[in-house]
Structures are given as C-alpha cells and as structure tokens.
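Structure, as structure tokens:
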Amino acid sequence: MDFLNAIVALSNFVIVPALAYGAQLALGALGVTLIYGILRFSNFAHGDTMAFGTMITILVTWGFQSLGISFGVLPTALLALPFGILGTALFLLGTDRAVYAFYRKQRAAPVILVIVSMGVMFVMNGVVRFVIGVDDIGFADGERFIINARVFREMTGLEEGLAIRTTTVITLVTAAIAVALLFWFLNRTRTGKSMRAFSDNEDLALLSGINPERVVAITWIIVAALATTAGVLYGLDKSFKAFTYFQLLLPIFASAIVGGLGSPVGAIAGGFVIAFSEVTVTYAWKKVLGYMAPEGLEPSGLVQLLSTDYKFAVSFAILIIVLLFRPTGLFRGQSV
C-alpha cells in the first residue's frame with residue numbers, strides 16, 4: 001500500500017502537473033521555433049504575444065459571462081479562444097506590416113530583428129498591463145475537478161488522494177489536437193509544404209514561385225494561434241498575470257533550444273524535458289520518500305533541491321549546458 005501511495009503522490013504532485021506544464025511550454029516553443037525556422041530570428045516578444053492573446057480571450061470571456069453565455073462544465077474561455085486567436089493574428093499581421101517588413105526588405109541581420117522584437121515586446125507588455133491591469137486574474141469557470149482527492153481516497157482506500165483538474169485534461173487534449181493539426185498542415189497541405197521549402201532554402205523557394213509575403217503572413221497566423229492557445233491554457237491552469245508571461249519566455253526558449261531550434265518535434269520534446277526538470281528539481285520529495293523508505297529511515301527534511309521560487313533557474317542551467325555541449329539540440333535543429 002505504501003508503494004501505491006508513493007505512486008499516487010508522485011502522480012499528483014509531479015507527473016500530472018509536469019505533463020500539463022510541458023504541453024503549455026511545447027505550444028509556446030512551437031511558435032518560437034516556427035518564427036526562427038521561417039522568419040529567421042528569435043522573437044523575444046513571444047511571451048507577451050501569449051499575454052496579449054490571453055488578455056483578449058479574458059475580455060471576450062467576461063463579455064460572454066455578462067450575457068449569460070457559458071460552456072457548461074467547461075470553461076467559457078474555450079468559447080472565447082477563437083476570438084483571442086483572431087485578435088492576436090490581426091495584431092501580429094499589423095505589427096509585421098508596420099515594423100518587421102521594413103527590416104526584411106533591408107535584409108537586416110537577425111540580431112537587428114531580435115532587438116526590434118524586444119521593442120515590440122515592451123510595447124505589447126505595456127498595452128496588456130494598461131488594458132487589463134497587473135493583478136492575478138482567475139477566469140476558469142465550470143467544473144473544477146474530474147477526480148478529486150477525497151473521492152479517489154474513498155474509491156481506493158489509499159491514504160493519498162489523486163486530484164485531476166478539468167484544466168489539466170483540457171490542456172493535454174487541446175495541445176494534442178493543436179500539434180496534430182499543425183503537423184498535418186505542414187506535411188499534407190500545399191501551403192505547409194511551401195513554408196517548409198521556404199524554411200529549408202529561401203532563394204530556391206523564391207525561384208520556385210513561392211510567394212514570400214504569403215508564407216510570412218500564414219506563419220504569423222499560426223504563431224498567433226499557438227501563442228494564444230498556450231497562454232490561455234496556462235492561464236486556466238494557474239492564473240493570468242501579465243508579467244508571468246514575460247517570465248515564461250526563458251523556459252519557452254529553453255524548450256525550443258533544447259529540442260533543436262527550428263525543429264517542431266524538438267520543440268515538443270524540449271517542452272516536456274524542461275517541464276519535468278523544473279517540477280522534479282523543485283518538488284519536496286519528503287512525502288514520496290516517506291512511503292518508500294524503510295521504517296525509521298524516513299527523511300526529516302523536505303528533501304527539496306531548490307525552492308519553487310528558483311524554478312526558472314533550472315531552465316537556465318539546462319539551456320547553458322545544451323548551448324555548451326550540443327548547440328543543435330536533441331533533434332539537431334539549427335545551431336544557436
């Protein structure tokens with residue numbers, strides 16, 4: 001029974017949260033890797049793009065709720081998500097036309113576009129804070145748990161209870177659908193194949209008659225969908241706070257680089273590597289080891305390598321190690 005209690009505790013506090021967090025990071029890293037692979041620069045505004053899309057989704061959610069529109073046991077934010085994607089796509093297309101297009105025509109060095117994206121990041125961050133404020137916002141309504149700890153204990157007779165929140169299942173299912181659609185689009189459609197060709201060899205793609213502006217526009221639309229979905233899922237799972245999405249930029253970039261910058265498969269793998277690393281290193285293992293250790297040898301301390309306040313330090317450490325020893329990442333993306 002102690003072994004089963006240990007497994008349940010491990011699932012409750014490590015495996016399930018890391019799966020949800022990894023799915024959110026994977027969606028964010030996919031957006032980063034698409035921009036790097038097709039537009040050839042690191043978009044430092046990606047975290048605030050997630051915040052912008054989530055902000056629009058929250059505002060539409062509030063509008064729906066004021067009209068009495070809900071999604072039953074599911075969060076109303078899922079109904080508002082398409083509006084968030086649409087608003088973010090329009091904003092990104094407008095930003096590209098007003099800012100990035102000029103530098104593409106000048107064939108500016110990638111480092112120039114990185115600096116430009118930092119300027120866009122500060123503008124977007126300011127807009128989000130001005131419109132929706134700086135406080136924590138919870139916008140998850142509907143049924144909170146699919147399985148709660150008390151019911152699980154009554155069903156199994158174990159001391160430990162497993163709690164699976166509705167937002168966790170929504171995150172995993174939505175992320176799986178989004179990734180499947182993206183890979184289908186890139187591998188099965190003519191436009192997706194044009195984007196891959198443009199990424200592999202821009203000059204050859206232009207000679208083949210591929211319209212570069214169309215590729216750029218579709219890339220920004222896909223990035224808007226991925227970023228908004230990732231931001232909304234993270235906000236539903238935790239809460240929305242503008243500055244938090246700026247902080248997420250580090251684990252998202254770490255995920256993309258660890259997996260292999262420019263590789264969509266690598267972005268997904270990197271997201272889960274970073275998520276499980278952060279959760280594992282910052283989890284206090286006292287409860288799990290207490291069940292597993294022989295009687296009398298249970299740990300007295302928390303058995304926690306790092307406080308949760310330093311979870312982003314884990315991402316940073318992994319990022320440094322990968323850049324030093326394998327800059328192409330796990331799936332041999334483009335060298336950083």
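For the structure tokens, the naming scheme is as follows: chains receive sequential letters (A, B, ...) according to their order of presentation, residues are indexed from 1 within each chain, and ligands are indexed from 1 in presentation order.
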
message = Quick one: residues within 8 Å of segment 205-216 of chain A, only C-alpha atoms, excluding same-chain residues fewer than 5 positions away - as JSON, numbers by chain?
response = {"A": [38, 39, 191, 194, 195, 197, 198]}

Hey, can you spit out that residue selection with N, CA and C atoms as a short mmCIF file (atom, residue, chain, number, x, y, z; two decimals), in the first residue's frame?
data_model
loop_
_atom_site.label_atom_id
_atom_site.label_comp_id
_atom_site.auth_asym_id
_atom_site.auth_seq_id
_atom_site.Cartn_x
_atom_site.Cartn_y
_atom_site.Cartn_z
N ILE A 38 11.40 29.95 -40.11
CA ILE A 38 10.87 30.54 -41.34
C ILE A 38 11.26 32.00 -41.49
N LEU A 39 11.12 32.78 -40.42
CA LEU A 39 11.44 34.20 -40.48
C LEU A 39 12.87 34.50 -40.06
N THR A 191 0.31 24.71 -48.90
CA THR A 191 0.84 25.89 -48.20
C THR A 191 1.88 25.47 -47.16
N SER A 194 5.03 24.65 -48.81
CA SER A 194 5.70 25.88 -49.24
C SER A 194 6.46 26.51 -48.07
N MET A 195 5.85 26.48 -46.89
CA MET A 195 6.52 27.02 -45.71
C MET A 195 7.77 26.22 -45.38
N ALA A 197 9.58 24.49 -47.51
CA ALA A 197 10.57 24.78 -48.55
C ALA A 197 11.22 26.14 -48.31
N PHE A 198 10.42 27.12 -47.91
CA PHE A 198 10.93 28.45 -47.62
C PHE A 198 11.91 28.41 -46.45
#

Please tabulate, as CSV, the residues of segment 21-72 of chain A that come within 10 Å of segment 138-141 of chain A, each with its closest pair of atoms and the distance in Å to one decimal, counting only C-alpha atoms and ordering rows by chain, then residue number upward.
residue,atom,partner,partner_atom,distance
A:Thr57,CA,A:Phe139,CA,9.8
A:Ile58,CA,A:Phe139,CA,6.9
A:Leu59,CA,A:Phe139,CA,9.9
A:Thr61,CA,A:Phe139,CA,7.9
A:Trp62,CA,A:Phe139,CA,8.4
A:Gln65,CA,A:Asp141,CA,9.8
A:Ser70,CA,A:Asp141,CA,8.7
A:Phe71,CA,A:Asp141,CA,8.9
A:Gly72,CA,A:Asp141,CA,8.9

Please save N, CA and C atoms of the selected residues as a PDB file, in the first residue's frame.
ATOM      1  N   THR A  57      -8.841  37.005 -24.930  1.00  0.00           N
ATOM      2  CA  THR A  57      -9.720  35.881 -24.579  1.00  0.00           C
ATOM      3  C   THR A  57     -10.449  36.145 -23.271  1.00  0.00           C
ATOM      4  N   ILE A  58      -9.747  36.706 -22.288  1.00  0.00           N
ATOM      5  CA  ILE A  58     -10.375  37.008 -20.997  1.00  0.00           C
ATOM      6  C   ILE A  58     -11.460  38.068 -21.169  1.00  0.00           C
ATOM      7  N   LEU A  59     -11.176  39.100 -21.948  1.00  0.00           N
ATOM      8  CA  LEU A  59     -12.161  40.163 -22.154  1.00  0.00           C
ATOM      9  C   LEU A  59     -13.414  39.624 -22.838  1.00  0.00           C
ATOM     10  N   THR A  61     -14.353  36.489 -22.728  1.00  0.00           N
ATOM     11  CA  THR A  61     -14.971  35.597 -21.729  1.00  0.00           C
ATOM     12  C   THR A  61     -15.870  36.383 -20.791  1.00  0.00           C
ATOM     13  N   TRP A  62     -15.372  37.507 -20.306  1.00  0.00           N
ATOM     14  CA  TRP A  62     -16.190  38.357 -19.438  1.00  0.00           C
ATOM     15  C   TRP A  62     -17.442  38.842 -20.161  1.00  0.00           C
ATOM     16  N   GLN A  65     -19.883  35.955 -20.270  1.00  0.00           N
ATOM     17  CA  GLN A  65     -20.472  35.713 -18.955  1.00  0.00           C
ATOM     18  C   GLN A  65     -21.501  36.776 -18.587  1.00  0.00           C
ATOM     19  N   SER A  70     -22.388  30.454 -21.371  1.00  0.00           N
ATOM     20  CA  SER A  70     -21.378  29.622 -20.721  1.00  0.00           C
ATOM     21  C   SER A  70     -21.165  28.365 -21.547  1.00  0.00           C
ATOM     22  N   PHE A  71     -20.195  27.558 -21.109  1.00  0.00           N
ATOM     23  CA  PHE A  71     -19.856  26.336 -21.829  1.00  0.00           C
ATOM     24  C   PHE A  71     -20.110  25.114 -20.942  1.00  0.00           C
ATOM     25  N   GLY A  72     -21.103  25.234 -20.060  1.00  0.00           N
ATOM     26  CA  GLY A  72     -21.454  24.123 -19.193  1.00  0.00           C
ATOM     27  C   GLY A  72     -20.352  23.833 -18.185  1.00  0.00           C
TER      28      GLY A  72
END

key: Computed interatomic separation between atom CA of Gly87 of chain A and atom CA of Asp136 of chain A (Å)   = 22.0 Å

request  = Could you tell me, as number ranges by chain, which residues of segment 122-207 of chain A DSSP assigns to strand (DSSP E) when given the backbone?
outcome  = A: 145-147, 164-165

Could you write out that same residue set with N, CA and C atoms as a compact mmCIF listing (two decimals), in the first residue's frame?
# COMPACT_ATOMS: atom_id res chain seq x y z
N PHE A 145 -12.87 19.91 -10.94
CA PHE A 145 -12.14 18.65 -10.89
C PHE A 145 -12.88 17.57 -11.68
N ILE A 146 -12.11 16.73 -12.35
CA ILE A 146 -12.65 15.49 -12.93
C ILE A 146 -12.61 14.40 -11.86
N ILE A 147 -11.50 14.33 -11.15
CA ILE A 147 -11.36 13.44 -10.00
C ILE A 147 -10.80 14.28 -8.85
N ILE A 164 -7.31 15.34 -10.27
CA ILE A 164 -7.07 15.71 -11.67
C ILE A 164 -8.04 16.82 -12.03
N ARG A 165 -7.49 17.99 -12.30
CA ARG A 165 -8.34 19.14 -12.60
C ARG A 165 -8.82 19.11 -14.04

ask   = What lies within 9 Å of segment 259-268 of chain A using only C-alpha atoms, ignoring chain neighbours under 3 positions off, as a VMD selection string?
value = chain A and resid 22 to 23 25 to 38 179 183 199 252 to 256 271 to 273 327 to 336

Writing out the chosen residues with C-alpha atoms as a tab-separated table (two decimals), in the first residue's frame:
chain	number	residue	atom	x	y	z
A	22	GLY	CA	5.07	20.58	-20.63
A	23	ALA	CA	2.16	20.78	-23.07
A	25	LEU	CA	5.65	25.02	-22.98
A	26	ALA	CA	5.58	22.84	-26.09
A	27	LEU	CA	2.91	25.01	-27.74
A	28	GLY	CA	4.87	28.14	-26.86
A	29	ALA	CA	8.13	26.62	-28.13
A	30	LEU	CA	6.46	25.62	-31.40
A	31	GLY	CA	5.68	29.29	-32.05
A	32	VAL	CA	9.28	30.30	-31.29
A	33	THR	CA	10.74	27.57	-33.50
A	34	LEU	CA	8.41	28.41	-36.42
A	35	ILE	CA	9.49	32.05	-36.36
A	36	TYR	CA	13.15	31.09	-36.13
A	37	GLY	CA	12.89	28.47	-38.85
A	38	ILE	CA	10.87	30.54	-41.34
A	179	VAL	CA	0.02	19.72	-32.57
A	183	PHE	CA	1.85	18.67	-38.38
A	199	SER	CA	12.50	27.42	-44.33
A	252	ILE	CA	9.92	28.54	-23.72
A	253	PHE	CA	13.21	29.48	-25.41
A	254	ALA	CA	14.98	26.79	-23.39
A	255	SER	CA	12.44	24.25	-24.66
A	256	ALA	CA	12.97	25.29	-28.27
A	271	GLY	CA	8.90	21.46	-23.63
A	272	PHE	CA	8.42	18.24	-21.68
A	273	VAL	CA	12.12	17.97	-20.81
A	327	PRO	CA	24.02	23.67	-29.55
A	328	THR	CA	21.92	21.92	-32.21
A	329	GLY	CA	19.68	20.39	-29.54
A	330	LEU	CA	18.28	16.90	-29.14
A	331	PHE	CA	16.83	16.70	-32.66
A	332	ARG	CA	19.66	18.52	-34.42
A	333	GLY	CA	17.93	21.78	-35.22
A	334	GLN	CA	19.79	24.87	-36.29
A	335	SER	CA	22.83	25.79	-34.22
A	336	VAL	CA	22.35	28.79	-31.95

note = note - atom CA of Gly133 of chain A and atom CA of Met55 of chain A are separated by 9.9 Å

task = Compare A:Leu181, A:Ala242, A:Ala275, A:Leu323 by their minimum atom-to-atom distance to Val14 of chain A, counting only C-alpha atoms, and give me the closest one.
result =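 Among A:Leu181, A:Ala242, A:Ala275, A:Leu323, it is A:Ala275 that comes nearest to Val14 of chain A.
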
ask   = Hey, what's within 12 Å of Tyr310 of chain A if we count only C-alpha atoms and toss same-chain stuff fewer than 2 positions away? As JSON, numbers by chain, please?
value = {"A": [247, 278, 279, 281, 282, 283, 304, 305, 306, 307, 308, 312, 313, 314, 315, 316, 317]}

message = Using only C-alpha atoms, which protein or nucleic acid residues come within 10 Å of Glu159 of chain A? Drop anything in the same chain fewer than 4 positions from it, and give the result as a ChimeraX atom specification.
response = /A:1-2,4-6,8-9,149-150,152-154

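The residue that comes closest to Ile112 of chain A, out of A:Ser42, A:Gln24, A:Asn148, A:Thr167 and on the basis of only C-alpha atoms, is A:Ser42.
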
inquiry  = Given only C-alpha atoms as the basis, pick out the residue of A:His46, A:Lys311, A:Lys193, A:Lys241 nearest to Asp135 of chain A.
reply    = A:Lys241
